[in-house]
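S.K.: Structure below; questions to follow.
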Protein chains: 2
Amino acid sequence: MSVRLGLLAILNQGPCYGYQLRREFDRRTGSAWPMNIGQVYTTLDRLVRDRYASRMESDGDGQVTYAITDQGRSEVDTWLSSPVVREGASRDELVMKLAIAVTLPGVDIARVIQAQRTATLQLLQSLTRVKNSTTDPTSADELAWLLTIDAMIFAAEGEVRWLDHSEARLVRAVAEGGVEPLPLSGSKVRRGRPVKAAANE
Amino acid sequence: MSVRLGLLAILNQGPCYGYQLRREFDRRTGSAWPMNIGQVYTTLDRLVRDRYASRMESDGDGQVTYAITDQGRSEVDTWLSSPVVREGASRDELVMKLAIAVTLPGVDIARVIQAQRTATLQLLQSLTRVKNSTTDPTSADELAWLLTIDAMIFAAEGEVRWLDHSEARLVRAVAEGGVEPLPLSGSKVRRGRPVKAAANE
DNA sequence: ACAGCCATGTAACTTGTTACATGATTTT
DNA sequence: AAAATCATGTAACAAGTTACATGGCTGT
């Protein structure tokens, strides 16, 4: 929903044609999320379909202009005035990966964590380099770009912290015994057999 | 790619039928990502299509068992041994939202940030409550669940920190002047008609 | 009898995304 | 003249997701 709404929010500034809309999007995000031009058109089609925008075949020269509708405007207002709500556990791939990995026998979780940490630290370094080589923002788009870099840095830092924390927790869990990887509960035990509860002993 | 690979990784433990696979997934993730049973079957179909799994209509009683293939096994190995790589700027909705919002005239960014912070802090509180009411893990699935909660907490904390940081940066940018929201660049400047800049008044 | 879980699936739809086709205009 | 950019689109696909249909079996 974010690309869609991002484009709509820009369209809210005034009518645009597709190509221009991409230019605006790229400019405003400092090309942090390079946008394929095709996606602009598919998204515009869908916005029109859903009555958030309308298509005005204005000129005779084939230039197609899109304008936001009232419905679209209220959608943008809502978007901007209500927080992004993270449903349940965000389906973050790394989290899911580690969550499942710890339940799997024969997986060296310490190594998984180590590999991730290395990668993330490297990313963090290159991000920091980028940030340090950036001058103070003189326009809104430069500011937006900086905020994006910041966000990535914060996320990466958080990820590393979480990895460290998880590793510690793992060490502790192993030390205290108890925690063993899960076998498949009653693989094929079914049909008649009760089996219930699964679990570990 | 994470649901897909998560299921495949469980299938790597041994053949399963669909319903059982969901049970395993839910158990191992502490139901952090409740999985619709339909999705298990669609995903299994796609895994079979892509040769990561094979279907074995074993029993006569309609029970359909799926098994991982060699290709699937190597896919899981790769997944577990290589880090999750965050491409460019992750298309995080909040980040994109703020990035675009700061370039928009007539948007009270401070309020956007404030609303988000409130929501995130609330989430953080409820997460902390959940965490504190959780006992030490005695099985791998409990551990997985805890790691997931931790991840959410770290992410939420990072988000709040980033919001604070962004707010400060905004204040500074405004104080130093310079940074103004962007109007649409040359809406329709080409092609004869000038059409002006849209915008807000 | 009825509720509820076990079990399998299908059809449809969403957003995101890319590869490709097409042509006009502008710049080099 | 060739290369780049402007400009519009389409077809196709991926992954995620849900709503629904169907039926057997189990416990109350």
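Ordered as shown in the structure tokens, chains take letters A, B, and onward, while each chain numbers its residues from 1 and ligands are numbered from 1 in the order shown.
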With a distance threshold of 8 Å and counting only C-alpha atoms (C1' of nucleotides), extract the residues of chain D near chain B and express them as a list in words.

M.R.: DA15, DT17 and DT18 of chain D

S.K.: Report as a ChimeraX atom specification the set of chain C residues whose atoms approach chain B to within 8 Å, with distances computed over only C-alpha atoms (C1' of nucleotides).

M.R.: /C:6-7,9

S.K.: Counting only C-alpha atoms, which residues of chain B come no farther than 7 Å from chain A, as an mmCIF file with N, CA and C atoms, in the first residue's frame?

M.R.:
data_model
loop_
_atom_site.group_PDB
_atom_site.id
_atom_site.type_symbol
_atom_site.label_atom_id
_atom_site.label_comp_id
_atom_site.auth_asym_id
_atom_site.auth_seq_id
_atom_site.Cartn_x
_atom_site.Cartn_y
_atom_site.Cartn_z
ATOM 1 N N SER B 2 9.405 -15.432 2.419
ATOM 2 C CA SER B 2 9.715 -15.961 3.736
ATOM 3 C C SER B 2 8.735 -17.041 4.180
ATOM 4 N N GLY B 6 9.946 -20.680 4.864
ATOM 5 C CA GLY B 6 9.667 -21.175 6.208
ATOM 6 C C GLY B 6 8.995 -22.529 6.150
ATOM 7 N N GLN B 13 12.318 -31.244 7.460
ATOM 8 C CA GLN B 13 12.427 -32.148 8.611
ATOM 9 C C GLN B 13 11.815 -33.508 8.331
ATOM 10 N N CYS B 16 5.321 -34.234 5.135
ATOM 11 C CA CYS B 16 4.172 -33.711 5.876
ATOM 12 C C CYS B 16 2.975 -33.672 4.952
ATOM 13 N N ARG B 28 5.801 -23.667 15.774
ATOM 14 C CA ARG B 28 7.187 -23.205 15.819
ATOM 15 C C ARG B 28 7.300 -21.686 15.911
ATOM 16 N N THR B 29 6.286 -20.998 15.459
ATOM 17 C CA THR B 29 6.364 -19.541 15.531
ATOM 18 C C THR B 29 5.461 -19.004 16.644
ATOM 19 N N ALA B 32 2.783 -16.497 15.923
ATOM 20 C CA ALA B 32 3.050 -15.077 15.731
ATOM 21 C C ALA B 32 2.569 -14.615 14.361
ATOM 22 N N TRP B 33 2.620 -15.525 13.407
ATOM 23 C CA TRP B 33 2.115 -15.219 12.070
ATOM 24 C C TRP B 33 1.055 -16.230 11.711
ATOM 25 N N LEU B 80 19.377 -20.746 4.922
ATOM 26 C CA LEU B 80 19.861 -20.700 6.299
ATOM 27 C C LEU B 80 21.311 -20.230 6.391
ATOM 28 N N SER B 81 22.061 -20.419 5.333
ATOM 29 C CA SER B 81 23.480 -20.089 5.442
ATOM 30 C C SER B 81 23.820 -18.728 4.849
ATOM 31 N N SER B 82 22.858 -18.087 4.209
ATOM 32 C CA SER B 82 23.154 -16.752 3.685
ATOM 33 C C SER B 82 22.259 -15.725 4.357
ATOM 34 N N PRO B 83 22.816 -14.561 4.583
ATOM 35 C CA PRO B 83 22.057 -13.542 5.315
ATOM 36 C C PRO B 83 20.899 -12.986 4.503
ATOM 37 N N VAL B 84 19.945 -12.473 5.213
ATOM 38 C CA VAL B 84 18.864 -11.732 4.573
ATOM 39 C C VAL B 84 19.430 -10.392 4.143
ATOM 40 N N GLY B 88 18.617 -2.071 -1.176
ATOM 41 C CA GLY B 88 18.483 -0.617 -1.152
ATOM 42 C C GLY B 88 17.771 -0.175 0.108
ATOM 43 N N ALA B 89 16.947 0.798 -0.023
ATOM 44 C CA ALA B 89 16.121 1.179 1.107
ATOM 45 C C ALA B 89 14.963 0.206 1.161
ATOM 46 N N GLU B 93 6.902 1.102 4.743
ATOM 47 C CA GLU B 93 5.854 2.078 4.473
ATOM 48 C C GLU B 93 6.053 3.376 5.243
ATOM 49 N N LEU B 94 6.426 3.234 6.508
ATOM 50 C CA LEU B 94 6.569 4.440 7.323
ATOM 51 C C LEU B 94 7.656 5.356 6.778
ATOM 52 N N VAL B 95 8.770 4.755 6.409
ATOM 53 C CA VAL B 95 9.884 5.554 5.914
ATOM 54 C C VAL B 95 9.496 6.277 4.629
ATOM 55 N N LYS B 97 6.591 6.976 3.641
ATOM 56 C CA LYS B 97 5.549 7.946 3.973
ATOM 57 C C LYS B 97 6.164 9.258 4.464
ATOM 58 N N ALA B 99 9.257 10.255 4.118
ATOM 59 C CA ALA B 99 10.119 10.831 3.083
ATOM 60 C C ALA B 99 9.296 11.672 2.122
ATOM 61 N N ILE B 100 8.177 11.136 1.734
ATOM 62 C CA ILE B 100 7.333 11.885 0.804
ATOM 63 C C ILE B 100 6.651 13.044 1.521
ATOM 64 N N VAL B 102 7.593 14.937 3.903
ATOM 65 C CA VAL B 102 8.401 16.143 4.115
ATOM 66 C C VAL B 102 8.562 16.966 2.842
ATOM 67 N N THR B 103 8.310 16.363 1.709
ATOM 68 C CA THR B 103 8.443 17.126 0.465
ATOM 69 C C THR B 103 7.126 17.751 0.040
ATOM 70 N N VAL B 112 2.304 14.320 11.983
ATOM 71 C CA VAL B 112 2.444 12.958 11.463
ATOM 72 C C VAL B 112 3.374 12.158 12.363
ATOM 73 N N ALA B 115 1.776 11.430 15.804
ATOM 74 C CA ALA B 115 0.772 10.362 15.751
ATOM 75 C C ALA B 115 1.448 8.996 15.702
ATOM 76 N N GLN B 116 2.487 8.931 14.905
ATOM 77 C CA GLN B 116 3.183 7.653 14.782
ATOM 78 C C GLN B 116 3.856 7.275 16.088
ATOM 79 N N ALA B 119 1.417 5.912 18.581
ATOM 80 C CA ALA B 119 0.999 4.553 18.241
ATOM 81 C C ALA B 119 2.112 3.555 18.544
ATOM 82 N N THR B 138 11.023 -23.056 27.820
ATOM 83 C CA THR B 138 11.399 -24.431 28.137
ATOM 84 C C THR B 138 11.432 -25.300 26.886
ATOM 85 N N SER B 139 11.032 -24.715 25.776
ATOM 86 C CA SER B 139 11.100 -25.473 24.525
ATOM 87 C C SER B 139 11.470 -24.519 23.399
ATOM 88 N N ALA B 140 11.885 -25.101 22.312
ATOM 89 C CA ALA B 140 12.357 -24.292 21.194
ATOM 90 C C ALA B 140 11.274 -23.349 20.673
ATOM 91 N N ASP B 141 10.041 -23.816 20.667
ATOM 92 C CA ASP B 141 8.995 -22.947 20.137
ATOM 93 C C ASP B 141 8.732 -21.767 21.060
ATOM 94 N N ALA B 144 11.455 -19.401 20.270
ATOM 95 C CA ALA B 144 11.187 -18.725 19.001
ATOM 96 C C ALA B 144 10.194 -17.576 19.204
ATOM 97 N N TRP B 145 9.193 -17.860 19.969
ATOM 98 C CA TRP B 145 8.172 -16.859 20.265
ATOM 99 C C TRP B 145 8.783 -15.647 20.974
ATOM 100 N N LEU B 147 11.925 -14.684 20.883
ATOM 101 C CA LEU B 147 12.778 -13.955 19.944
ATOM 102 C C LEU B 147 11.929 -13.040 19.066
ATOM 103 N N THR B 148 10.774 -13.526 18.697
ATOM 104 C CA THR B 148 9.885 -12.726 17.861
ATOM 105 C C THR B 148 9.413 -11.478 18.602
ATOM 106 N N ALA B 151 12.191 -9.093 18.783
ATOM 107 C CA ALA B 151 12.401 -8.417 17.497
ATOM 108 C C ALA B 151 11.433 -7.254 17.342
ATOM 109 N N MET B 152 10.207 -7.484 17.728
ATOM 110 C CA MET B 152 9.213 -6.422 17.608
ATOM 111 C C MET B 152 9.549 -5.257 18.521
ATOM 112 N N PHE B 154 12.577 -4.426 19.657
ATOM 113 C CA PHE B 154 13.725 -3.716 19.114
ATOM 114 C C PHE B 154 13.323 -2.823 17.948
ATOM 115 N N ALA B 155 12.460 -3.370 17.096
ATOM 116 C CA ALA B 155 12.024 -2.600 15.932
ATOM 117 C C ALA B 155 11.248 -1.360 16.365
ATOM 118 N N GLY B 158 13.574 1.182 17.864
ATOM 119 C CA GLY B 158 14.317 1.836 16.786
ATOM 120 C C GLY B 158 13.447 2.850 16.062
ATOM 121 N N TRP B 162 14.149 6.750 15.744
ATOM 122 C CA TRP B 162 14.236 7.376 14.430
ATOM 123 C C TRP B 162 13.269 8.558 14.315
ATOM 124 N N SER B 166 14.350 12.252 13.590
ATOM 125 C CA SER B 166 13.809 12.931 12.423
ATOM 126 C C SER B 166 13.193 14.266 12.810
ATOM 127 N N GLY B 178 16.206 27.498 4.342
ATOM 128 C CA GLY B 178 16.615 26.611 3.254
ATOM 129 C C GLY B 178 15.581 25.600 2.810
ATOM 130 N N VAL B 179 15.252 24.702 3.676
ATOM 131 C CA VAL B 179 14.421 23.588 3.252
ATOM 132 C C VAL B 179 12.951 23.964 3.100
ATOM 133 N N GLU B 180 12.525 23.964 1.886
ATOM 134 C CA GLU B 180 11.125 24.253 1.595
ATOM 135 C C GLU B 180 10.505 23.059 0.890
ATOM 136 N N PRO B 181 9.237 22.864 1.103
ATOM 137 C CA PRO B 181 8.573 21.782 0.373
ATOM 138 C C PRO B 181 8.666 22.003 -1.130
ATOM 139 N N LEU B 182 8.603 20.942 -1.858
ATOM 140 C CA LEU B 182 8.774 21.025 -3.295
ATOM 141 C C LEU B 182 7.437 21.185 -4.006
ATOM 142 N N SER B 187 4.938 21.303 -14.077
ATOM 143 C CA SER B 187 3.775 20.556 -14.506
ATOM 144 C C SER B 187 3.375 21.057 -15.878
ATOM 145 N N ALA B 198 0.135 23.985 -9.799
ATOM 146 C CA ALA B 198 -0.793 23.332 -8.879
ATOM 147 C C ALA B 198 -0.651 23.917 -7.484
ATOM 148 N N ALA B 199 -0.584 23.073 -6.521
ATOM 149 C CA ALA B 199 -0.263 23.474 -5.140
ATOM 150 C C ALA B 199 -1.378 24.125 -4.391
#

S.K.: So which bits of region 11-198 of chain A end up strand (DSSP E or B) when you DSSP the backbone, as a count of residues only?

M.R.: 10

S.K.: Could you list, as a ChimeraX atom specification, every residue within 10 Å of DT25 (chain C), counting only C-alpha atoms (C1' of nucleotides) and ignoring same-chain residues fewer than 5 positions away?

M.R.: /D:5-7

S.K.: Among region 104-179 of chain A, which residues does DSSP mark as helix (DSSP H, G or I) when it is run on the backbone? Keep the chain and numbering as in the structure and answer as an MDAnalysis selection string.

M.R.: chainID A and resid 109:132 140:175
